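Quick notes on the structure that follows.
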Amino acid sequence: MRVAVLASGSGTILEAMLKEGVPVAVVVVDRRCGAIDIAARYGVTWELVERDSFGPDFDRDGYSARVANVLKSYGVDLVVMAGWGTIFSEPMFSAFGGRIINTHPALLPAFKGWHAVRDALAYGVKVTGCTVHVATPEVDDGPILAQEAVPVEPGDTEESLHERIKAVERRLYVDTIKKILERGSVSDLR
């Protein structure tokens, strides 16, 4: 399977994948970010498909189609979102539906959305965690492939809790990707 990684940030999840030997064919970024340096350091091809707007004029369908076309040009079989900051619309799911996976810093279906760690702390939960799931047009709503709990410790801040979740996330995500690659499809994990 040819794997593409989509990243928007520092690239720590990407680096965890590359360190563990996940065969990444291409890294796609939506902005200049640390993931570019990590891809370059590991000799992985990267593409910038720059997001042209973060306002109400953003053409989500057009952007989703542009990213899908880049991925198709690399013959990608599995799309792995690793800190990707842009929500896709139908053109991406038409091209890669059921083959896009994501990680989320909570035990879905609890605490969907961008502020999951903050929301878990505000709610007062004693346990949260991370989820690896199939991405769908409905944000944080796809079939769950793997989850692991992370306890909330007394005095936790959003930052301290998120760092512990990220440590688990990097391992769980890589393990899940390796299982997908061994079995040859995402659907074999559901």
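Residue names in the structure tokens use chain letters A, B, ... in the order shown, residue numbers from 1 in each chain, and ligand numbers from 1 in the order shown.
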field: Surrounding residues of Glu50 (chain A) excluding itself and chain neighbours under 3 positions, 10 Å, only C-alpha atoms, as a list in words
entry: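 The residues satisfying every condition are Val28, Val29, Asp30, Arg31, Arg32, Glu47, Ser53, Tyr63, Arg66 and Val67 of chain A.
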Could you pull out all residues of region 17-186 of chain A with a DSSP call of strand (DSSP E) and give them as a short mmCIF file (atom, residue, chain, number, x, y, z; two decimals) with C-alpha atoms, in the first residue's frame?
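Result saved to result.cif:
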```
data_model
loop_
_atom_site.label_atom_id
_atom_site.label_comp_id
_atom_site.auth_asym_id
_atom_site.auth_seq_id
_atom_site.Cartn_x
_atom_site.Cartn_y
_atom_site.Cartn_z
CA VAL A 24 5.53 7.01 3.35
CA ALA A 25 5.36 7.76 -0.39
CA VAL A 26 4.58 11.46 0.00
CA VAL A 27 3.91 14.08 2.66
CA VAL A 28 1.38 16.77 1.79
CA VAL A 29 1.25 19.98 3.82
CA TRP A 46 6.74 16.41 0.06
CA GLU A 47 4.22 18.65 -1.65
CA LEU A 48 2.81 21.98 -0.52
CA LEU A 78 -3.97 5.05 2.30
CA VAL A 79 -4.25 8.67 3.47
CA VAL A 80 -3.02 9.33 7.01
CA MET A 81 -3.91 12.66 8.59
CA ILE A 100 -8.50 8.16 5.10
CA ILE A 101 -7.58 7.75 8.75
CA ASN A 102 -7.20 10.29 11.49
CA THR A 103 -6.29 10.50 15.14
CA HIS A 104 -8.21 12.48 17.74
CA VAL A 127 -10.07 9.55 31.99
CA THR A 128 -9.72 10.69 28.40
CA GLY A 129 -7.42 9.34 25.70
CA CYS A 130 -6.97 9.09 21.97
CA THR A 131 -8.80 7.49 19.09
CA VAL A 132 -7.70 6.36 15.64
CA HIS A 133 -10.67 6.41 13.28
CA VAL A 134 -11.70 6.44 9.65
CA ILE A 144 -13.20 3.64 15.34
CA LEU A 145 -10.11 1.54 14.60
CA ALA A 146 -8.27 1.85 17.94
CA GLN A 147 -8.51 3.69 21.27
CA GLU A 148 -6.43 3.99 24.39
CA ALA A 149 -7.27 5.66 27.69
CA VAL A 150 -5.12 8.32 29.34
CA PRO A 151 -5.87 9.25 32.97
#
```
task: For Ala122 (chain A), work out the shell of residues within 12 Å, counting only C-alpha atoms and skipping chain neighbours fewer than 5 positions away, then give it as a ChimeraX atom specification.
output: /A:111,115-117,128,152,156-158
task: Find, counting only C-alpha atoms, the residue in A:Tyr42, A:Val3, A:Pro56, A:His162 that gets nearest to Lys72 (chain A).
output: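 Counting only C-alpha atoms, the residue closest to Lys72 (chain A) is A:Val3.
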- prompt: Between CA of Val186 (chain A) and CA of Arg99 (chain A), what is the spacing in Å?
  reply: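 Here the two named atoms are 6.3 Å from each other.
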